[in-house]
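Undergrad: Contents of target.pdb (PDB, C-alpha atoms, pLDDT in the B column) are given next:
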```
ATOM      1  CA  MET A 686     139.379  99.187  84.934  1.00 42.00           C
ATOM      2  CA  LYS A 687     136.486  99.901  87.299  1.00 44.00           C
ATOM      3  CA  PRO A 688     133.013 100.268  85.800  1.00 45.00           C
ATOM      4  CA  THR A 689     131.740 103.817  85.575  1.00 43.00           C
ATOM      5  CA  ARG A 690     128.810 105.193  87.530  1.00 45.00           C
ATOM      6  CA  GLY A 691     126.942 105.391  84.233  1.00 42.00           C
ATOM      7  CA  LEU A 692     127.330 101.662  83.753  1.00 41.00           C
ATOM      8  CA  TYR A 693     126.000 101.047  87.258  1.00 46.00           C
ATOM      9  CA  TRP A 694     122.992 103.196  86.391  1.00 39.00           C
ATOM     10  CA  LEU A 695     122.348 101.136  83.270  1.00 39.00           C
ATOM     11  CA  GLU A 696     122.733  97.903  85.237  1.00 55.00           C
ATOM     12  CA  SER A 697     120.259  99.188  87.836  1.00 51.00           C
ATOM     13  CA  VAL A 698     117.726 100.079  85.156  1.00 42.00           C
ATOM     14  CA  ALA A 699     118.115  96.649  83.589  1.00 51.00           C
ATOM     15  CA  LEU A 700     117.708  94.952  86.956  1.00 54.00           C
ATOM     16  CA  ALA A 701     114.636  96.992  87.836  1.00 50.00           C
ATOM     17  CA  THR A 702     113.086  96.162  84.458  1.00 46.00           C
ATOM     18  CA  ALA A 703     113.779  92.467  84.954  1.00 52.00           C
ATOM     19  CA  VAL A 704     112.240  92.548  88.432  1.00 51.00           C
ATOM     20  CA  LEU A 705     109.084  94.126  87.016  1.00 44.00           C
ATOM     21  CA  ILE A 706     108.910  91.395  84.383  1.00 46.00           C
ATOM     22  CA  VAL A 707     109.218  88.740  87.098  1.00 47.00           C
ATOM     23  CA  ALA A 708     106.641  90.466  89.282  1.00 47.00           C
ATOM     24  CA  PHE A 709     104.081  90.431  86.496  1.00 39.00           C
ATOM     25  CA  ALA A 710     104.994  86.904  85.448  1.00 43.00           C
ATOM     26  CA  VAL A 711     104.049  85.449  88.855  1.00 44.00           C
ATOM     27  CA  PRO A 712     100.287  85.075  89.399  1.00 43.00           C
ATOM     28  CA  ALA A 713      98.681  87.375  91.974  1.00 38.00           C
ATOM     29  CA  HIS A 714      98.625  84.613  94.577  1.00 43.00           C
ATOM     30  CA  GLY A 715     101.473  82.592  93.071  1.00 47.00           C
ATOM     31  CA  LEU A 716      99.270  79.484  92.906  1.00 51.00           C
ATOM     32  CA  SER A 717      98.684  77.592  89.684  1.00 51.00           C
ATOM     33  CA  GLU A 718      95.473  75.695  89.015  1.00 57.00           C
ATOM     34  CA  ALA A 719      97.340  72.546  90.015  1.00 56.00           C
ATOM     35  CA  PHE A 720      97.290  73.756  93.624  1.00 64.00           C
ATOM     36  CA  GLN A 721      93.552  74.398  93.812  1.00 62.00           C
ATOM     37  CA  GLY A 722      92.087  72.432  96.707  1.00 69.00           C
ATOM     38  CA  LYS A 723      95.511  71.086  97.734  1.00 75.00           C
ATOM     39  CA  ILE A 724      96.834  73.937  99.878  1.00 79.00           C
ATOM     40  CA  TYR A 725      96.478  73.947 103.646  1.00 80.00           C
ATOM     41  CA  THR A 726      95.608  77.397 104.970  1.00 82.00           C
ATOM     42  CA  PRO A 727      96.608  77.808 108.644  1.00 80.00           C
ATOM     43  CA  GLY A 728      95.117  81.290 109.011  1.00 77.00           C
ATOM     44  CA  PRO A 729      96.957  84.306 110.454  1.00 84.00           C
ATOM     45  CA  LEU A 730      99.999  83.376 112.552  1.00 88.00           C
ATOM     46  CA  LYS A 731     102.167  85.277 115.011  1.00 94.00           C
ATOM     47  CA  PRO A 732     104.418  87.309 112.662  1.00 96.00           C
ATOM     48  CA  VAL A 733     107.706  86.318 114.353  1.00 97.00           C
ATOM     49  CA  ASP A 734     108.162  83.663 117.024  1.00 97.00           C
ATOM     50  CA  SER A 735     111.901  83.221 117.509  1.00 97.00           C
ATOM     51  CA  LYS A 736     115.073  85.039 118.517  1.00 97.00           C
ATOM     52  CA  LEU A 737     118.025  85.374 116.169  1.00 98.00           C
ATOM     53  CA  THR A 738     121.305  83.775 117.243  1.00 98.00           C
ATOM     54  CA  VAL A 739     123.334  85.419 114.458  1.00 98.00           C
ATOM     55  CA  ARG A 740     123.656  88.963 113.175  1.00 98.00           C
ATOM     56  CA  VAL A 741     124.941  90.849 110.164  1.00 98.00           C
ATOM     57  CA  GLY A 742     128.747  90.658 110.113  1.00 98.00           C
ATOM     58  CA  ASP A 743     128.916  87.173 111.661  1.00 98.00           C
ATOM     59  CA  VAL A 744     130.402  84.233 109.832  1.00 98.00           C
ATOM     60  CA  ALA A 745     127.433  82.122 108.765  1.00 98.00           C
ATOM     61  CA  PRO A 746     127.144  78.805 110.632  1.00 98.00           C
ATOM     62  CA  ASP A 747     128.106  76.032 108.245  1.00 98.00           C
ATOM     63  CA  PHE A 748     125.781  73.090 107.695  1.00 98.00           C
ATOM     64  CA  THR A 749     125.179  70.080 105.513  1.00 98.00           C
ATOM     65  CA  LEU A 750     121.629  69.089 104.553  1.00 98.00           C
ATOM     66  CA  PRO A 751     120.083  66.547 102.196  1.00 98.00           C
ATOM     67  CA  SER A 752     118.397  67.889  99.072  1.00 98.00           C
ATOM     68  CA  ILE A 753     115.447  66.639  97.054  1.00 98.00           C
ATOM     69  CA  SER A 754     117.889  65.850  94.224  1.00 96.00           C
ATOM     70  CA  GLY A 755     119.442  63.147  96.412  1.00 96.00           C
ATOM     71  CA  GLU A 756     122.675  65.048  97.021  1.00 97.00           C
ATOM     72  CA  LYS A 757     123.891  66.556 100.259  1.00 98.00           C
ATOM     73  CA  VAL A 758     124.586  70.272 100.096  1.00 98.00           C
ATOM     74  CA  ARG A 759     127.121  72.012 102.319  1.00 98.00           C
ATOM     75  CA  LEU A 760     127.008  75.782 102.729  1.00 98.00           C
ATOM     76  CA  SER A 761     130.800  76.070 102.664  1.00 98.00           C
ATOM     77  CA  GLN A 762     130.962  74.501  99.180  1.00 98.00           C
ATOM     78  CA  PHE A 763     129.927  77.904  97.783  1.00 98.00           C
ATOM     79  CA  ARG A 764     132.653  79.846  99.596  1.00 97.00           C
ATOM     80  CA  ARG A 765     134.671  82.083  97.247  1.00 96.00           C
ATOM     81  CA  ARG A 766     132.416  80.921  94.394  1.00 96.00           C
ATOM     82  CA  SER A 767     128.992  82.478  94.957  1.00 97.00           C
ATOM     83  CA  HIS A 768     126.959  84.616  97.276  1.00 98.00           C
ATOM     84  CA  VAL A 769     124.243  82.531  98.913  1.00 98.00           C
ATOM     85  CA  VAL A 770     120.624  83.427  99.590  1.00 98.00           C
ATOM     86  CA  LEU A 771     119.218  81.173 102.304  1.00 98.00           C
ATOM     87  CA  SER A 772     115.442  81.109 102.045  1.00 98.00           C
ATOM     88  CA  PHE A 773     113.854  79.495 105.092  1.00 98.00           C
ATOM     89  CA  VAL A 774     110.144  78.801 104.637  1.00 98.00           C
ATOM     90  CA  PRO A 775     107.771  77.396 107.267  1.00 97.00           C
ATOM     91  CA  ALA A 776     105.981  74.559 105.506  1.00 95.00           C
ATOM     92  CA  ALA A 777     105.184  72.893 102.218  1.00 95.00           C
ATOM     93  CA  TRP A 778     101.654  72.966 100.840  1.00 94.00           C
ATOM     94  CA  THR A 779     100.835  76.354 102.366  1.00 92.00           C
ATOM     95  CA  PRO A 780      99.791  79.509 100.466  1.00 90.00           C
ATOM     96  CA  VAL A 781     102.627  82.001 100.986  1.00 91.00           C
ATOM     97  CA  CYS A 782     105.368  79.388 100.636  1.00 91.00           C
ATOM     98  CA  SER A 783     103.788  78.142  97.411  1.00 90.00           C
ATOM     99  CA  ASP A 784     103.779  81.756  96.230  1.00 88.00           C
ATOM    100  CA  GLN A 785     107.332  82.679  97.270  1.00 93.00           C
ATOM    101  CA  TRP A 786     109.543  80.030  95.700  1.00 94.00           C
ATOM    102  CA  PRO A 787     108.092  80.121  92.163  1.00 91.00           C
ATOM    103  CA  GLY A 788     109.315  83.738  91.976  1.00 91.00           C
ATOM    104  CA  TYR A 789     112.877  82.596  92.709  1.00 94.00           C
ATOM    105  CA  ASN A 790     112.451  79.939  90.064  1.00 90.00           C
ATOM    106  CA  ILE A 791     111.622  82.565  87.443  1.00 89.00           C
ATOM    107  CA  ALA A 792     114.430  84.857  88.667  1.00 93.00           C
ATOM    108  CA  LYS A 793     117.210  82.235  88.435  1.00 93.00           C
ATOM    109  CA  GLU A 794     119.083  84.155  85.720  1.00 94.00           C
ATOM    110  CA  LEU A 795     118.877  87.358  87.770  1.00 95.00           C
ATOM    111  CA  PHE A 796     120.469  85.628  90.749  1.00 96.00           C
ATOM    112  CA  GLU A 797     123.165  84.137  88.535  1.00 95.00           C
ATOM    113  CA  ALA A 798     123.948  87.562  87.049  1.00 95.00           C
ATOM    114  CA  LEU A 799     124.586  88.763  90.600  1.00 96.00           C
ATOM    115  CA  ASP A 800     126.875  85.786  91.375  1.00 96.00           C
ATOM    116  CA  ALA A 801     124.328  84.301  93.768  1.00 97.00           C
ATOM    117  CA  VAL A 802     122.643  80.966  94.369  1.00 98.00           C
ATOM    118  CA  VAL A 803     119.434  80.346  96.295  1.00 98.00           C
ATOM    119  CA  LEU A 804     119.163  77.522  98.814  1.00 98.00           C
ATOM    120  CA  GLY A 805     115.611  76.780  99.920  1.00 98.00           C
ATOM    121  CA  ILE A 806     115.269  75.265 103.395  1.00 98.00           C
ATOM    122  CA  SER A 807     112.255  73.805 105.187  1.00 98.00           C
ATOM    123  CA  VAL A 808     111.806  71.501 108.195  1.00 98.00           C
ATOM    124  CA  ASP A 809     109.606  69.220 106.051  1.00 98.00           C
ATOM    125  CA  ASN A 810     110.929  65.781 105.160  1.00 98.00           C
ATOM    126  CA  LEU A 811     112.380  65.073 101.727  1.00 98.00           C
ATOM    127  CA  SER A 812     109.390  63.188 100.347  1.00 97.00           C
ATOM    128  CA  THR A 813     107.018  66.018 101.245  1.00 97.00           C
ATOM    129  CA  LEU A 814     109.320  68.635  99.725  1.00 98.00           C
ATOM    130  CA  PHE A 815     109.766  66.561  96.582  1.00 97.00           C
ATOM    131  CA  ALA A 816     106.014  66.118  96.055  1.00 96.00           C
ATOM    132  CA  TRP A 817     105.317  69.806  96.750  1.00 95.00           C
ATOM    133  CA  THR A 818     107.985  71.158  94.423  1.00 95.00           C
ATOM    134  CA  GLN A 819     106.945  68.732  91.684  1.00 94.00           C
ATOM    135  CA  GLU A 820     103.420  70.106  91.973  1.00 90.00           C
ATOM    136  CA  MET A 821     104.956  73.557  91.379  1.00 88.00           C
ATOM    137  CA  GLY A 822     106.401  72.241  88.145  1.00 88.00           C
ATOM    138  CA  GLY A 823     109.869  71.729  89.616  1.00 91.00           C
ATOM    139  CA  VAL A 824     112.402  74.158  91.053  1.00 92.00           C
ATOM    140  CA  ARG A 825     115.615  75.587  89.659  1.00 93.00           C
ATOM    141  CA  PHE A 826     117.542  75.829  92.929  1.00 97.00           C
ATOM    142  CA  PRO A 827     118.487  73.313  95.643  1.00 98.00           C
ATOM    143  CA  VAL A 828     115.723  72.557  98.141  1.00 98.00           C
ATOM    144  CA  LEU A 829     117.040  71.212 101.437  1.00 98.00           C
ATOM    145  CA  SER A 830     115.373  69.331 104.268  1.00 98.00           C
ATOM    146  CA  ASP A 831     116.080  70.431 107.856  1.00 98.00           C
ATOM    147  CA  PHE A 832     113.843  67.634 109.103  1.00 98.00           C
ATOM    148  CA  TRP A 833     116.288  65.625 111.207  1.00 97.00           C
ATOM    149  CA  PRO A 834     117.666  66.442 113.677  1.00 97.00           C
ATOM    150  CA  HIS A 835     114.460  68.461 113.503  1.00 98.00           C
ATOM    151  CA  GLY A 836     115.070  72.122 112.683  1.00 98.00           C
ATOM    152  CA  GLU A 837     118.729  71.963 113.704  1.00 98.00           C
ATOM    153  CA  VAL A 838     119.904  74.469 111.089  1.00 98.00           C
ATOM    154  CA  ALA A 839     116.956  76.802 111.681  1.00 98.00           C
ATOM    155  CA  SER A 840     117.728  76.641 115.391  1.00 98.00           C
ATOM    156  CA  ARG A 841     121.413  77.485 114.820  1.00 98.00           C
ATOM    157  CA  TYR A 842     120.366  80.606 112.928  1.00 98.00           C
ATOM    158  CA  GLY A 843     117.713  81.435 115.517  1.00 98.00           C
ATOM    159  CA  VAL A 844     114.699  81.089 113.234  1.00 98.00           C
ATOM    160  CA  LEU A 845     112.993  77.979 114.637  1.00 98.00           C
ATOM    161  CA  ARG A 846     109.524  78.866 115.896  1.00 98.00           C
ATOM    162  CA  SER A 847     107.942  77.424 119.038  1.00 97.00           C
ATOM    163  CA  ASP A 848     105.603  75.242 116.932  1.00 96.00           C
ATOM    164  CA  GLY A 849     108.545  73.484 115.257  1.00 97.00           C
ATOM    165  CA  VAL A 850     108.523  75.213 111.855  1.00 97.00           C
ATOM    166  CA  SER A 851     111.005  77.821 110.731  1.00 98.00           C
ATOM    167  CA  GLU A 852     110.390  81.502 110.265  1.00 98.00           C
ATOM    168  CA  ARG A 853     110.001  82.937 106.788  1.00 98.00           C
ATOM    169  CA  ALA A 854     113.557  84.262 106.749  1.00 98.00           C
ATOM    170  CA  ILE A 855     116.153  85.433 104.261  1.00 98.00           C
ATOM    171  CA  PHE A 856     119.903  85.440 104.920  1.00 98.00           C
ATOM    172  CA  ILE A 857     122.315  86.786 102.309  1.00 98.00           C
ATOM    173  CA  ILE A 858     125.807  85.362 102.777  1.00 98.00           C
ATOM    174  CA  ASP A 859     128.732  86.703 100.777  1.00 98.00           C
ATOM    175  CA  LYS A 860     131.533  84.759  99.125  1.00 97.00           C
ATOM    176  CA  GLU A 861     133.622  84.940 102.302  1.00 97.00           C
ATOM    177  CA  ALA A 862     130.797  83.282 104.290  1.00 98.00           C
ATOM    178  CA  VAL A 863     129.872  86.523 106.086  1.00 98.00           C
ATOM    179  CA  ILE A 864     126.219  87.311 106.704  1.00 98.00           C
ATOM    180  CA  ARG A 865     125.470  90.580 104.944  1.00 98.00           C
ATOM    181  CA  TYR A 866     121.675  90.798 105.232  1.00 98.00           C
ATOM    182  CA  ILE A 867     118.945  89.294 107.425  1.00 98.00           C
ATOM    183  CA  ASP A 868     115.199  89.561 107.013  1.00 98.00           C
ATOM    184  CA  VAL A 869     113.091  87.589 109.472  1.00 98.00           C
ATOM    185  CA  HIS A 870     109.878  88.394 107.692  1.00 97.00           C
ATOM    186  CA  ASP A 871     106.286  88.409 108.855  1.00 97.00           C
ATOM    187  CA  ILE A 872     105.418  84.734 108.368  1.00 96.00           C
ATOM    188  CA  ASN A 873     102.077  85.730 106.837  1.00 95.00           C
ATOM    189  CA  GLU A 874     103.676  87.728 104.006  1.00 95.00           C
ATOM    190  CA  ARG A 875     106.058  87.133 101.103  1.00 94.00           C
ATOM    191  CA  PRO A 876     109.460  88.885 101.259  1.00 95.00           C
ATOM    192  CA  SER A 877     110.187  91.288  98.413  1.00 93.00           C
ATOM    193  CA  LEU A 878     112.110  89.673  95.572  1.00 94.00           C
ATOM    194  CA  GLU A 879     113.174  93.116  94.405  1.00 93.00           C
ATOM    195  CA  GLY A 880     114.611  93.867  97.863  1.00 94.00           C
ATOM    196  CA  ILE A 881     116.726  90.700  97.794  1.00 96.00           C
ATOM    197  CA  LEU A 882     118.086  91.488  94.330  1.00 95.00           C
ATOM    198  CA  LYS A 883     118.957  95.050  95.344  1.00 94.00           C
ATOM    199  CA  LYS A 884     120.949  93.797  98.340  1.00 96.00           C
ATOM    200  CA  LEU A 885     122.835  91.399  96.068  1.00 96.00           C
ATOM    201  CA  GLU A 886     123.510  94.160  93.569  1.00 94.00           C
ATOM    202  CA  LYS A 887     125.281  96.135  96.312  1.00 93.00           C
ATOM    203  CA  LEU A 888     127.579  93.168  96.970  1.00 92.00           C
ATOM    204  CA  LYS A 889     128.591  93.066  93.330  1.00 78.00           C
ATOM    205  CA  LYS A 890     129.791  96.660  93.275  1.00 65.00           C
ATOM    206  CA  PRO A 891     133.484  97.224  94.161  1.00 60.00           C
TER     207      PRO A 891
END
```
Spell out the structure here as structure tokens.
TA:
Amino acid sequence: MKPTRGLYWLESVALATAVLIVAFAVPAHGLSEAFQGKIYTPGPLKPVDSKLTVRVGDVAPDFTLPSISGEKVRLSQFRRRSHVVLSFVPAAWTPVCSDQWPGYNIAKELFEALDAVVLGISVDNLSTLFAWTQEMGGVRFPVLSDFWPHGEVASRYGVLRSDGVSERAIFIIDKEAVIRYIDVHDINERPSLEGILKKLEKLKKP
């Protein structure tokens, strides 16, 4: 039996309430006291400095990357099991990146309720990513290093910037490995967590 429209309305209200809880749970700048004096601030950057090589409706390019847990993660391992949110961030130890991922940490149960997993990707090496995420207090999703060959996965998706870091980009990939949403965001700003959850909610509806 298909859920009724009333049930969808209730689910939407519950999701919106949860998003508000998450929004207020994350500090204004997302940085704990542990980060004070340890964050490199590059100043304003060119909002977007790359050209996409994929588009909505394409099959997502598969890849395998090492993770800070010591395991290698392959995108295709989630096929027919979970939607995937690829979160490319430019660099560890920078303000917006250190603000963005803690929100996904807090929202883990929301992603799971929408049959989705988050994969965080950066061109930093594993030791840098490990130290950074430990300073955050740990992460609750796989963090992958696109360090070598440098930025190969970011380049395949068309989000490698001319200075060698990736864009701040979100790709939502459905269970059939099809790209359903792309947001190459202004690198100076944090993408909306609520927006990501709303896009995932649409995938869950029949």
Undergrad: Could you tell me which residues the PyMOL selection byres ((chain A and resi 781-785) around 7) returns for this structure, as number ranges by chain?
TA: A: 714-716, 774, 776-780, 786-788, 873-875
Undergrad: Please report the interatomic distance between atom CA of A:Met821 and atom CA of A:Gly805 in Å with one decimal.
TA: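 Interatomic distance, atom CA of A:Met821 to atom CA of A:Gly805: 14.0 Å.
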Undergrad: Applied to the shown file, which residues does the PyMOL selection byres ((chain A and resi 789-803) around 6) return, written as a ChimeraX atom specification?
TA: /A:767-770,786-788,804,824-826
Undergrad: For A:Ser735, which residue among A:Val828, A:Leu811, A:Val850, A:Leu771 is the nearest when counting all atoms listed in the file?
TA: A:Val850
Undergrad: Please enumerate the residues selected by the PyMOL selection byres ((chain A and resi 759-763) around 10) when evaluated against the supplied file, formatted as a list of chain:residue names.
TA: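 This file, filtered by the PyMOL selection byres ((chain A and resi 759-763) around 10), leaves A:Ala745, A:Pro746, A:Asp747, A:Phe748, A:Thr749, A:Leu750, A:Pro751, A:Glu756, A:Lys757, A:Val758, A:Arg764, A:Arg765, A:Arg766, A:Ser767, A:His768, A:Val769, A:Leu771, A:Ala801, A:Val802, A:Leu804, A:Ile858, A:Asp859, A:Lys860, A:Glu861, A:Ala862.
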Undergrad: Can you work out the spacing between atom CA of A:Trp833 and atom CA of A:Asp809 in Å, to one decimal?
TA: 9.2 Å
Undergrad: For atom CA of A:Leu885 and atom CA of A:Ile857, quote the distance in Å rounded to one decimal.
TA: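 Going from atom CA of A:Leu885 over to atom CA of A:Ile857, I get 7.8 Å.
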